[in-house]
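The data block below is coords18.txt; it holds compact mmCIF, C-alpha atoms.
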```txt
# COMPACT_ATOMS: atom_id res chain seq x y z
CA MET A 98 124.40 129.21 89.10
CA ASN A 99 121.71 129.71 86.47
CA TRP A 100 122.53 126.31 84.99
CA TRP A 101 121.61 124.69 88.32
CA PHE A 102 118.13 126.16 88.48
CA LYS A 103 117.55 125.60 84.77
CA ALA A 104 118.36 121.88 85.06
CA VAL A 105 115.38 119.57 85.48
CA LEU A 106 114.78 118.45 89.05
CA TRP A 107 115.87 114.82 88.76
CA LYS A 108 119.28 115.86 87.42
CA ARG A 109 119.79 118.23 90.34
CA VAL A 110 118.73 115.50 92.80
CA LEU A 111 121.07 112.96 91.18
CA ILE A 112 123.99 115.38 91.37
CA ALA A 113 123.17 116.02 95.03
CA LEU A 114 123.03 112.28 95.72
CA ILE A 115 126.46 111.66 94.18
CA LEU A 116 127.98 114.64 96.02
CA GLY A 117 126.44 113.35 99.24
CA VAL A 118 128.18 109.98 98.86
CA VAL A 119 131.55 111.60 98.10
CA ILE A 120 131.38 114.16 100.90
CA GLY A 121 130.00 111.63 103.38
CA LEU A 122 132.93 109.31 102.72
CA ALA A 123 135.31 112.26 103.05
CA PHE A 124 133.93 113.16 106.49
CA ARG A 125 134.14 109.52 107.57
CA SER A 126 137.70 109.04 106.28
CA PHE A 127 139.40 112.27 107.29
CA GLY A 128 137.56 113.40 110.41
CA GLY A 129 139.50 111.23 112.84
CA THR A 130 138.22 108.57 115.24
CA TYR A 131 137.79 108.06 118.97
CA MET A 132 136.62 105.26 121.26
CA VAL A 133 133.41 105.13 123.31
CA ASP A 134 132.86 102.00 125.42
CA GLY A 135 135.19 100.07 123.14
CA VAL A 136 133.35 101.16 119.98
CA THR A 137 135.09 103.22 117.29
CA ARG A 138 133.32 106.50 116.59
CA TYR A 139 133.99 108.85 113.68
CA ALA A 140 134.32 112.54 114.49
CA GLY A 141 133.38 113.47 110.93
CA ALA A 142 130.19 111.39 111.18
CA ASP A 143 129.30 113.15 114.42
CA PHE A 144 129.74 116.52 112.69
CA VAL A 145 127.49 115.43 109.84
CA THR A 146 124.87 114.14 112.27
CA THR A 147 124.84 117.43 114.16
CA TRP A 148 125.14 120.00 111.38
CA ILE A 149 124.09 118.41 108.07
CA LYS A 150 121.53 115.70 108.85
CA PRO A 151 118.97 118.21 110.28
CA PHE A 152 118.50 119.69 106.79
CA GLY A 153 117.58 116.25 105.49
CA THR A 154 115.31 115.64 108.46
CA ALA A 155 113.57 118.96 107.80
CA PHE A 156 113.01 117.98 104.16
CA VAL A 157 111.48 114.65 105.19
CA GLN A 158 109.26 116.49 107.66
CA LEU A 159 108.08 118.84 104.92
CA ILE A 160 107.12 115.88 102.74
CA LYS A 161 105.39 114.12 105.63
CA MET A 162 103.50 117.35 106.28
CA LEU A 163 101.94 117.03 102.82
CA VAL A 164 101.02 113.34 102.92
CA VAL A 165 97.75 113.30 104.86
CA PRO A 166 96.11 116.44 103.39
CA LEU A 167 97.22 115.54 99.87
CA VAL A 168 96.10 111.91 100.07
CA PHE A 169 92.77 112.83 101.63
CA THR A 170 91.92 115.64 99.21
CA THR A 171 93.13 113.87 96.05
CA LEU A 172 91.27 110.70 96.97
CA VAL A 173 88.01 112.56 97.56
CA THR A 174 88.31 114.60 94.36
CA GLY A 175 89.37 111.50 92.43
CA ILE A 176 86.19 109.71 93.48
CA THR A 177 83.93 112.68 92.76
CA ALA A 178 85.52 113.00 89.32
CA MET A 179 84.32 109.49 88.44
CA GLY A 180 80.75 110.68 88.01
CA HIS A 181 79.27 107.41 89.28
CA PRO A 182 80.09 105.15 92.27
CA SER A 183 80.17 102.03 90.07
CA LYS A 184 83.43 103.15 88.46
CA LEU A 185 85.14 103.09 91.84
CA GLY A 186 84.61 99.36 92.03
CA THR A 187 86.35 98.61 88.74
CA ILE A 188 89.29 100.92 89.47
CA GLY A 189 89.77 99.59 93.01
CA LEU A 190 89.42 95.93 92.04
CA ARG A 191 91.84 96.20 89.12
CA ALA A 192 94.40 98.06 91.24
CA PHE A 193 94.14 95.62 94.15
CA LEU A 194 94.45 92.49 92.00
CA LEU A 195 97.38 93.94 90.09
CA TYR A 196 99.15 94.93 93.30
CA VAL A 197 98.74 91.41 94.72
CA PHE A 198 99.90 89.84 91.44
CA THR A 199 103.09 91.93 91.25
CA THR A 200 103.78 91.22 94.94
CA LEU A 201 103.65 87.46 94.30
CA ILE A 202 106.07 87.89 91.41
CA ALA A 203 108.36 90.00 93.61
CA VAL A 204 108.64 87.42 96.40
CA SER A 205 109.24 84.71 93.77
CA ILE A 206 112.11 86.77 92.35
CA GLY A 207 113.45 87.19 95.89
CA LEU A 208 113.41 83.44 96.42
CA LEU A 209 115.10 82.90 93.05
CA PHE A 210 117.94 85.31 93.78
CA GLY A 211 118.20 83.97 97.33
CA THR A 212 118.71 80.48 95.89
CA ILE A 213 121.38 81.77 93.50
CA PHE A 214 123.38 83.96 95.91
CA LYS A 215 122.78 81.95 99.10
CA PRO A 216 122.82 84.91 101.54
CA GLY A 217 123.50 83.94 105.14
CA SER A 218 125.85 81.07 104.32
CA GLY A 219 128.79 81.15 106.71
CA VAL A 220 127.45 84.07 108.74
CA ASP A 221 128.75 84.13 112.31
CA PHE A 222 126.32 85.44 114.93
CA THR A 223 128.78 85.04 117.82
CA ASP A 224 129.28 88.78 118.49
CA VAL A 225 125.78 89.87 117.54
CA ALA A 226 123.54 91.30 120.25
CA PRO A 227 119.95 90.11 119.90
CA ASN A 228 117.46 92.83 118.99
CA VAL A 229 114.09 91.70 120.30
CA LEU A 230 111.12 92.95 118.32
CA ALA A 231 108.78 94.92 120.56
CA GLY A 232 105.15 93.85 120.65
CA GLU A 233 103.37 91.42 118.38
CA ALA A 234 102.43 91.86 114.76
CA PRO A 235 98.66 92.43 114.43
CA SER A 236 96.60 89.59 112.98
CA MET A 237 94.96 89.90 109.58
CA THR A 238 91.55 90.21 111.28
CA GLU A 239 92.79 93.11 113.40
CA ARG A 240 94.23 94.84 110.35
CA LEU A 241 90.92 94.58 108.50
CA ILE A 242 88.90 95.87 111.46
CA ASN A 243 91.31 98.77 112.01
CA ILE A 244 90.62 99.98 108.46
CA ILE A 245 87.35 101.41 109.81
CA PRO A 246 88.27 104.53 111.80
CA ALA A 247 86.50 104.90 115.13
CA ASN A 248 87.40 108.58 114.90
CA PRO A 249 88.14 109.96 111.40
CA LEU A 250 89.80 113.07 112.84
CA GLN A 251 92.10 110.91 114.94
CA ALA A 252 92.94 108.83 111.85
CA LEU A 253 93.85 112.02 109.98
CA ALA A 254 95.93 113.29 112.90
CA SER A 255 97.81 110.00 113.33
CA GLY A 256 98.31 109.40 109.60
CA ASP A 257 96.58 106.02 109.60
CA MET A 258 96.56 105.53 105.82
CA LEU A 259 94.11 102.65 105.50
CA ALA A 260 91.62 104.40 107.78
CA ILE A 261 92.06 107.66 105.87
CA ILE A 262 91.49 105.90 102.56
CA PHE A 263 88.34 104.23 103.93
CA PHE A 264 86.88 107.52 105.20
CA ALA A 265 87.79 109.38 102.00
CA LEU A 266 86.07 106.67 99.95
CA MET A 267 82.93 106.95 102.05
CA LEU A 268 82.94 110.75 101.80
CA GLY A 269 83.55 110.78 98.05
CA VAL A 270 80.85 108.21 97.31
CA ALA A 271 78.38 110.08 99.52
CA MET A 272 79.13 113.30 97.63
CA LEU A 273 78.46 111.51 94.33
CA ILE A 274 75.12 110.21 95.58
CA VAL A 275 74.01 113.56 97.08
CA GLY A 276 74.69 115.27 93.76
CA LYS A 277 74.13 119.01 93.29
CA LYS A 278 73.75 119.83 96.96
CA ALA A 279 77.31 118.58 97.50
CA GLU A 280 78.77 120.86 94.80
CA PRO A 281 80.09 123.45 97.32
CA VAL A 282 81.96 120.71 99.17
CA LYS A 283 83.29 119.32 95.88
CA ASP A 284 84.55 122.79 94.90
CA PHE A 285 86.26 123.08 98.27
CA PHE A 286 88.16 119.82 97.77
CA ASP A 287 89.02 120.68 94.14
CA GLY A 288 90.55 123.94 95.32
CA SER A 289 92.31 122.21 98.19
CA VAL A 290 93.99 119.77 95.78
CA GLN A 291 95.34 122.62 93.65
CA ILE A 292 96.70 124.32 96.76
CA MET A 293 98.38 121.12 97.91
CA PHE A 294 99.95 120.59 94.49
CA LYS A 295 101.38 124.11 94.60
CA ILE A 296 102.90 123.51 98.05
CA THR A 297 104.26 120.15 96.84
CA ARG A 298 106.08 121.84 93.96
CA TRP A 299 107.61 124.34 96.39
CA VAL A 300 108.82 121.54 98.66
CA MET A 301 110.21 119.58 95.71
CA GLU A 302 112.51 122.47 94.82
CA LEU A 303 114.25 121.71 98.11
CA ALA A 304 114.71 118.03 97.20
CA PRO A 305 118.36 118.29 96.04
CA TYR A 306 119.40 119.84 99.35
CA GLY A 307 117.40 117.38 101.44
CA VAL A 308 118.74 114.40 99.51
CA PHE A 309 122.30 115.71 99.81
CA ALA A 310 121.97 116.00 103.59
CA LEU A 311 120.42 112.54 104.01
CA ILE A 312 122.90 110.70 101.79
CA THR A 313 125.87 112.52 103.33
CA TRP A 314 124.69 111.40 106.77
CA VAL A 315 124.02 107.76 105.75
CA THR A 316 127.43 107.46 104.08
CA ALA A 317 129.34 109.19 106.87
CA VAL A 318 127.74 107.08 109.61
CA LYS A 319 127.53 103.70 107.87
CA GLY A 320 130.31 103.84 105.28
CA VAL A 321 130.59 101.45 102.35
CA GLU A 322 132.25 98.71 104.40
CA THR A 323 129.00 97.99 106.21
CA PHE A 324 127.96 95.96 103.19
CA SER A 325 130.84 93.51 103.61
CA SER A 326 128.99 91.38 106.19
CA VAL A 327 125.88 91.07 104.05
CA LEU A 328 127.36 91.49 100.59
CA MET A 329 125.43 88.59 99.10
CA LEU A 330 122.18 89.79 100.66
CA ALA A 331 122.71 93.33 99.38
CA LEU A 332 123.72 92.11 95.92
CA ALA A 333 120.74 89.76 95.70
CA LEU A 334 118.34 92.49 96.84
CA TYR A 335 119.58 95.14 94.42
CA LEU A 336 119.69 92.78 91.45
CA GLY A 337 116.31 91.33 92.41
CA CYS A 338 114.68 94.75 92.67
CA ILE A 339 116.22 95.90 89.38
CA THR A 340 115.04 92.70 87.71
CA HIS A 341 111.53 93.16 89.11
CA MET A 342 111.35 96.77 87.95
CA LEU A 343 112.63 96.01 84.46
CA ILE A 344 110.89 92.68 83.81
CA THR A 345 107.64 92.90 85.77
CA TYR A 346 106.87 96.61 85.57
CA GLY A 347 108.67 97.00 82.27
CA GLY A 348 106.77 94.09 80.77
CA LEU A 349 103.50 95.56 82.00
CA ILE A 350 104.22 98.97 80.47
CA LYS A 351 105.83 97.84 77.22
CA LEU A 352 104.22 94.51 76.35
CA VAL A 353 100.77 94.73 77.95
CA LEU A 354 100.01 98.45 77.69
CA ARG A 355 102.07 99.09 74.54
CA LEU A 356 103.55 102.28 75.95
CA PRO A 357 107.16 103.56 75.66
CA LEU A 358 109.14 102.15 78.58
CA VAL A 359 111.88 104.79 78.66
CA ARG A 360 109.23 107.51 78.85
CA PHE A 361 107.69 105.79 81.87
CA PHE A 362 110.92 105.60 83.83
CA ARG A 363 111.92 109.16 82.93
CA GLY A 364 108.51 110.39 83.99
CA ILE A 365 108.80 108.96 87.52
CA LEU A 366 112.51 109.58 88.08
CA ASP A 367 111.92 112.37 90.60
CA ALA A 368 109.73 110.06 92.69
CA GLN A 369 112.27 107.22 92.47
CA VAL A 370 115.16 109.39 93.66
CA VAL A 371 113.15 110.85 96.55
CA ALA A 372 111.97 107.34 97.52
CA TYR A 373 115.56 106.05 97.44
CA SER A 374 116.87 108.86 99.63
CA THR A 375 114.02 109.00 102.18
CA SER A 376 113.13 105.27 102.44
CA THR A 377 109.43 106.01 102.85
CA SER A 378 106.91 105.34 100.11
CA ALA A 379 104.18 107.15 102.04
CA GLY A 380 106.41 110.19 102.38
CA THR A 381 107.17 110.08 98.65
CA LEU A 382 103.46 109.94 97.77
CA PRO A 383 103.06 113.69 97.05
CA VAL A 384 105.96 113.51 94.61
CA THR A 385 104.62 110.33 92.99
CA ILE A 386 101.18 111.86 92.44
CA THR A 387 102.72 114.98 90.91
CA CYS A 388 104.98 112.93 88.61
CA VAL A 389 102.28 110.63 87.22
CA GLN A 390 99.84 113.46 86.62
CA ASP A 391 102.28 115.98 85.12
CA ASN A 392 104.63 113.61 83.29
CA LEU A 393 102.59 110.50 82.49
CA GLY A 394 99.18 112.04 81.85
CA ILE A 395 97.34 109.96 84.45
CA LYS A 396 94.06 111.67 85.35
CA PRO A 397 93.34 112.61 88.99
CA VAL A 398 90.50 110.08 89.14
CA VAL A 399 93.12 107.29 89.05
CA ALA A 400 96.17 109.03 90.53
CA GLY A 401 94.15 110.16 93.54
CA SER A 402 92.76 106.72 94.29
CA VAL A 403 95.25 104.09 93.07
CA LEU A 404 98.48 105.68 94.37
CA PRO A 405 97.37 106.15 98.01
CA LEU A 406 96.15 102.56 97.97
CA GLY A 407 99.49 101.43 96.55
CA ALA A 408 101.49 103.37 99.16
CA THR A 409 99.61 101.36 101.78
CA ILE A 410 99.34 97.82 100.37
CA ASN A 411 101.87 97.59 97.52
CA MET A 412 105.16 96.54 99.12
CA ASP A 413 106.88 94.59 96.35
CA GLY A 414 110.33 95.52 97.60
CA THR A 415 109.37 94.36 101.08
CA SER A 416 107.99 91.01 99.91
CA LEU A 417 111.09 90.41 97.76
CA TYR A 418 113.26 91.22 100.79
CA LEU A 419 111.27 88.93 103.08
CA GLY A 420 111.80 86.08 100.63
CA LEU A 421 115.54 86.76 100.66
CA LEU A 422 115.66 86.96 104.45
CA ALA A 423 113.83 83.65 104.77
CA LEU A 424 116.60 81.99 102.73
CA PHE A 425 119.20 84.01 104.67
CA ALA A 426 117.82 82.50 107.89
CA ALA A 427 117.67 79.00 106.42
CA ASN A 428 121.31 79.20 105.28
CA ALA A 429 122.55 80.80 108.51
CA PHE A 430 120.80 78.35 110.83
CA GLY A 431 121.15 75.23 108.67
CA ILE A 432 117.44 74.73 107.92
CA GLU A 433 116.59 72.47 104.98
CA LEU A 434 113.69 73.85 102.90
CA SER A 435 111.25 71.82 100.82
CA TRP A 436 109.25 73.02 97.81
CA GLY A 437 106.29 73.33 100.15
CA ASP A 438 108.32 75.66 102.37
CA TYR A 439 109.08 77.87 99.37
CA GLY A 440 105.37 78.09 98.63
CA LEU A 441 104.54 78.95 102.25
CA ILE A 442 107.24 81.64 102.28
CA ALA A 443 105.85 83.18 99.07
CA LEU A 444 102.27 83.20 100.37
CA THR A 445 103.13 84.46 103.86
CA ALA A 446 105.51 87.16 102.62
CA THR A 447 102.85 88.42 100.20
CA LEU A 448 100.21 88.63 102.93
CA ALA A 449 102.64 90.09 105.47
CA SER A 450 103.82 92.82 103.10
CA ILE A 451 100.27 94.10 102.57
CA GLY A 452 99.76 96.91 105.02
CA THR A 453 103.38 96.98 106.21
CA ALA A 454 104.09 100.47 107.51
CA SER A 455 105.68 102.49 104.71
CA ILE A 456 108.48 103.80 106.95
CA PRO A 457 112.20 102.95 107.08
CA SER A 458 113.06 99.35 108.12
CA ALA A 459 109.43 98.44 108.91
CA SER A 460 109.81 95.19 106.96
CA LEU A 461 112.14 93.77 109.63
CA PHE A 462 109.11 93.68 111.93
CA MET A 463 107.42 91.30 109.46
CA LEU A 464 110.15 88.70 110.05
CA ALA A 465 108.17 87.62 113.13
CA ILE A 466 105.38 86.52 110.76
CA VAL A 467 107.38 84.92 107.93
CA LEU A 468 110.30 83.14 109.59
CA PRO A 469 108.44 80.96 112.14
CA ILE A 470 106.78 79.03 109.28
CA ILE A 471 110.18 77.52 108.39
CA GLY A 472 111.10 76.76 112.01
CA VAL A 473 113.12 79.86 112.96
CA SER A 474 112.83 80.53 116.70
CA THR A 475 112.13 83.88 118.33
CA GLU A 476 115.70 84.00 119.64
CA GLN A 477 117.09 83.38 116.16
CA ILE A 478 114.86 86.11 114.69
CA ALA A 479 116.19 88.52 117.33
CA LEU A 480 119.75 87.60 116.33
CA MET A 481 118.98 88.22 112.66
CA VAL A 482 117.44 91.60 113.35
CA GLY A 483 120.44 92.56 115.48
CA PHE A 484 122.76 91.49 112.66
CA ILE A 485 120.92 93.21 109.78
CA LEU A 486 119.52 96.34 111.41
CA PRO A 487 122.80 98.35 111.54
CA PHE A 488 123.07 98.37 107.75
CA ASP A 489 119.43 97.94 106.76
CA ARG A 490 119.03 101.56 105.64
CA PRO A 491 120.87 101.19 102.27
CA LEU A 492 118.81 98.04 101.61
CA ASP A 493 115.59 99.79 102.58
CA MET A 494 116.34 102.60 100.14
CA MET A 495 116.24 100.17 97.23
CA ARG A 496 113.11 98.43 98.52
CA THR A 497 111.28 101.74 98.76
CA MET A 498 112.25 102.79 95.25
CA THR A 499 110.86 99.48 94.00
CA ASN A 500 107.58 100.03 95.87
CA VAL A 501 107.11 103.51 94.41
CA THR A 502 107.91 102.30 90.89
CA GLY A 503 105.27 99.60 91.29
CA ASP A 504 102.70 102.15 92.45
CA ALA A 505 103.28 104.21 89.31
CA ALA A 506 103.21 101.16 87.01
CA VAL A 507 99.90 99.90 88.40
CA ALA A 508 98.40 103.39 88.25
CA THR A 509 99.44 103.61 84.60
CA ALA A 510 97.83 100.26 83.81
CA VAL A 511 94.56 101.10 85.57
CA ALA A 512 94.45 104.53 83.91
CA LYS A 513 94.99 102.97 80.48
CA TRP A 514 92.27 100.35 80.98
CA GLU A 515 89.81 102.90 82.41
CA GLY A 516 90.39 105.44 79.64
CA GLU A 517 91.88 107.89 82.14
CA LEU A 518 95.34 108.16 80.56
CA ASP A 519 96.35 111.05 78.30
CA GLU A 520 98.73 109.14 76.03
CA GLU A 521 99.80 112.31 74.27
CA VAL A 522 101.23 113.59 77.56
CA PHE A 523 102.71 110.16 78.37
CA ARG A 524 104.56 109.98 75.07
CA GLU A 525 105.92 113.52 75.30
CA VAL A 526 107.76 113.51 78.61
CA ALA A 527 111.15 113.85 76.94
CA ASN A 528 111.55 117.22 78.65
CA VAL A 529 111.46 115.80 82.20
```
Once you've parsed the file, please lay out its structure as structure tokens.
Amino acid sequence: MNWWFKAVLWKRVLIALILGVVIGLAFRSFGGTYMVDGVTRYAGADFVTTWIKPFGTAFVQLIKMLVVPLVFTTLVTGITAMGHPSKLGTIGLRAFLLYVFTTLIAVSIGLLFGTIFKPGSGVDFTDVAPNVLAGEAPSMTERLINIIPANPLQALASGDMLAIIFFALMLGVAMLIVGKKAEPVKDFFDGSVQIMFKITRWVMELAPYGVFALITWVTAVKGVETFSSVLMLALALYLGCITHMLITYGGLIKLVLRLPLVRFFRGILDAQVVAYSTSTSAGTLPVTITCVQDNLGIKPVVAGSVLPLGATINMDGTSLYLGLLALFAANAFGIELSWGDYGLIALTATLASIGTASIPSASLFMLAIVLPIIGVSTEQIALMVGFILPFDRPLDMMRTMTNVTGDAAVATAVAKWEGELDEEVFREVANV
């Protein structure tokens, strides 16, 4: 087994992912079936859920355990490494504008592929049970106000990313202004970051086993036939996300930054695979930070500030998906769309995606914001959610991988423009 441990991590994770698909299908196909309340259940899937899925759940929990302390410490140390508060403004502004720009492109690509593939045409909702969305989506004003934590400790405990980022920014800037007297605190956070990176590397060694368990469970429970009802939606989403990653992010890296594109994608492959298997960009954040610093040469001052921001507001995969679902609804319910409607969808999906919770299937909640602008009723939205939710996980996996790729691309751009990119490291990641 020496070859296994000598292989680079992404190869081990990829092997585990493929094995998970094969073994998951085997459990689903050969485990036998039984009926519960008229619904066919798979004995093999039940076995996987009971005995294999917990290993994947434990891996996700380990990653989630790292998110808050790693984000908080890296953000504080990233700010203190700037040397002057003014630099924070340029880094933050560039990152924010670039995130918004790529999100607009993403939703436009979603609308384009939705127009080509026409998802939702001919869909029959007769046997679909409505799935009513609980609660109401917060307004933009509420989201902005909630960025300011009433209790920073509560924000840290609850994992409220925007509030954590706000408090970390305040703390880091204050440490810069205080100067020498804050050196002991700065040393504490510098040491804390190194400790968190060490724990992250330990956890990442478990990635192949966690990914294997998760993919085995998804495949055994859902199977490949779940895509048949939404084949056009799935095809449009996957092709749209791949197009966005290659054209938008690839164009940014290759044409704008003049950096080797293959090196970029190889450098973040570990983060992409973990994002695809876990469906949470926030949970993948520790891996993303490690990848861009170790493989791409992005300095902590950028990695520690731009990536946490991206995990919170950069939801390109979500905005692309919302654009597709808007056309899915229009086709399914016979709604004629004008050019003005397309523009409203693009704008609303972009705004709705900012701050969407970076957890599995959270984007379905945003349908309550986007779809009413084209005349879709609450009852129709509930029908759509009930129709899509059972097989949303494989779609969410691709959306999350797109989000994480965008985070890394924007961080690379900001690092390059701010002089915080070690190009020698970036161009020599052939060993990853």
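Contact shell of region 300-302 of chain A at 8 Å (only C-alpha atoms; same-chain neighbours under 4 positions omitted): Leu106, Phe156, Leu159, Ile160, Ile296 and Val384 of chain A.
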Would you export the selected residues with C-alpha atoms as an mmCIF file, keeping the file's coordinate frame, please?
```cif
data_model
loop_
_atom_site.group_PDB
_atom_site.id
_atom_site.type_symbol
_atom_site.label_atom_id
_atom_site.label_comp_id
_atom_site.auth_asym_id
_atom_site.auth_seq_id
_atom_site.Cartn_x
_atom_site.Cartn_y
_atom_site.Cartn_z
ATOM 1 C CA LEU A 106 114.780 118.450 89.050
ATOM 2 C CA PHE A 156 113.010 117.980 104.160
ATOM 3 C CA LEU A 159 108.080 118.840 104.920
ATOM 4 C CA ILE A 160 107.120 115.880 102.740
ATOM 5 C CA ILE A 296 102.900 123.510 98.050
ATOM 6 C CA VAL A 384 105.960 113.510 94.610
#
```
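Residue nearest Leu253 (chain A) within the list A:Thr170, A:Thr509, A:Gln477, A:Thr345: A:Thr170 [criterion: smallest interatomic distance, only C-alpha atoms].
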- For Asp284 (chain A), the closest of A:Phe214, A:Tyr346, A:Thr174, A:Gly407 counting all atoms listed in the file is A:Thr174
- Quick one: of A:Leu111, A:Val359, A:Leu434, A:Val290, who's nearest to Leu343 (chain A), counting only C-alpha atoms? A:Val359
- Task: Considering all atoms listed in the file, return as a ChimeraX atom specification whatever protein or nucleic-acid residues lie within 12 Å of Leu122 (chain A), sequence-local ones (same chain, fewer than 4 positions apart) excluded.
- Result: /A:115-118,126-128,139,141-142,145,312-322
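Comparing A:Leu241, A:Leu167, A:Ala446, A:Ile261 by their smallest distance to Ile292 (chain A), the closest is A:Leu167 (using all atoms listed in the file).
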Return as a tab-separated table the residues of region 400-459 of chain A lying at most 12 Å from region 385-391 of chain A, together with the closest atom-to-atom pair for each and the distance in Å to one decimal, counting all atoms listed in the file, with rows in chain order and ascending residue number.
```
residue	atom	partner	partner_atom	distance
A:Ala400	CA	A:Ile386	CA	6.1
A:Gly401	CA	A:Ile386	CA	7.3
A:Ser402	CA	A:Ile386	CA	10.0
A:Val403	CA	A:Ile386	CA	9.8
A:Leu404	CA	A:Ile386	CA	7.0
A:Pro405	CA	A:Ile386	CA	8.8
A:Leu406	CA	A:Ile386	CA	11.9
A:Gly407	CA	A:Thr385	CA	10.9
A:Ala408	CA	A:Thr385	CA	9.8
```
- Item | Polymer residues at most 12 Å from (122.2, 125.6, 90.2) by only C-alpha atoms, as a PyMOL selection string | chain A and resi 98-106+108-110+112-113+302-303+305-306
Could you write out the selected residues, including C-alpha atoms, as a tab-separated table (two decimals), in the frame of the given file?
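As written to disk, result.tsv reads:
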```
chain	number	residue	atom	x	y	z
A	98	MET	CA	124.40	129.21	89.10
A	99	ASN	CA	121.71	129.71	86.47
A	100	TRP	CA	122.53	126.31	84.99
A	101	TRP	CA	121.61	124.69	88.32
A	102	PHE	CA	118.13	126.16	88.48
A	103	LYS	CA	117.55	125.60	84.77
A	104	ALA	CA	118.36	121.88	85.06
A	105	VAL	CA	115.38	119.57	85.48
A	106	LEU	CA	114.78	118.45	89.05
A	108	LYS	CA	119.28	115.86	87.42
A	109	ARG	CA	119.79	118.23	90.34
A	110	VAL	CA	118.73	115.50	92.80
A	112	ILE	CA	123.99	115.38	91.37
A	113	ALA	CA	123.17	116.02	95.03
A	302	GLU	CA	112.51	122.47	94.82
A	303	LEU	CA	114.25	121.71	98.11
A	305	PRO	CA	118.36	118.29	96.04
A	306	TYR	CA	119.40	119.84	99.35
```
- Message: When you look at Ile471 (chain A) with a cut-off of 9 Å (counting all atoms listed in the file), what residues show up, excluding the ones that are within fewer than 5 positions of it in the same chain? I need them as a list in words.
- Response: Ala423, Ala427, Ile432, Glu433, Leu434, Asp438, Leu441 and Ile442 of chain A
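Candidate residues A:Ile395, A:Gln369, A:Ala443, A:Phe361 were compared for distance to Leu349 (chain A), and the nearest is A:Phe361, using all atoms listed in the file.
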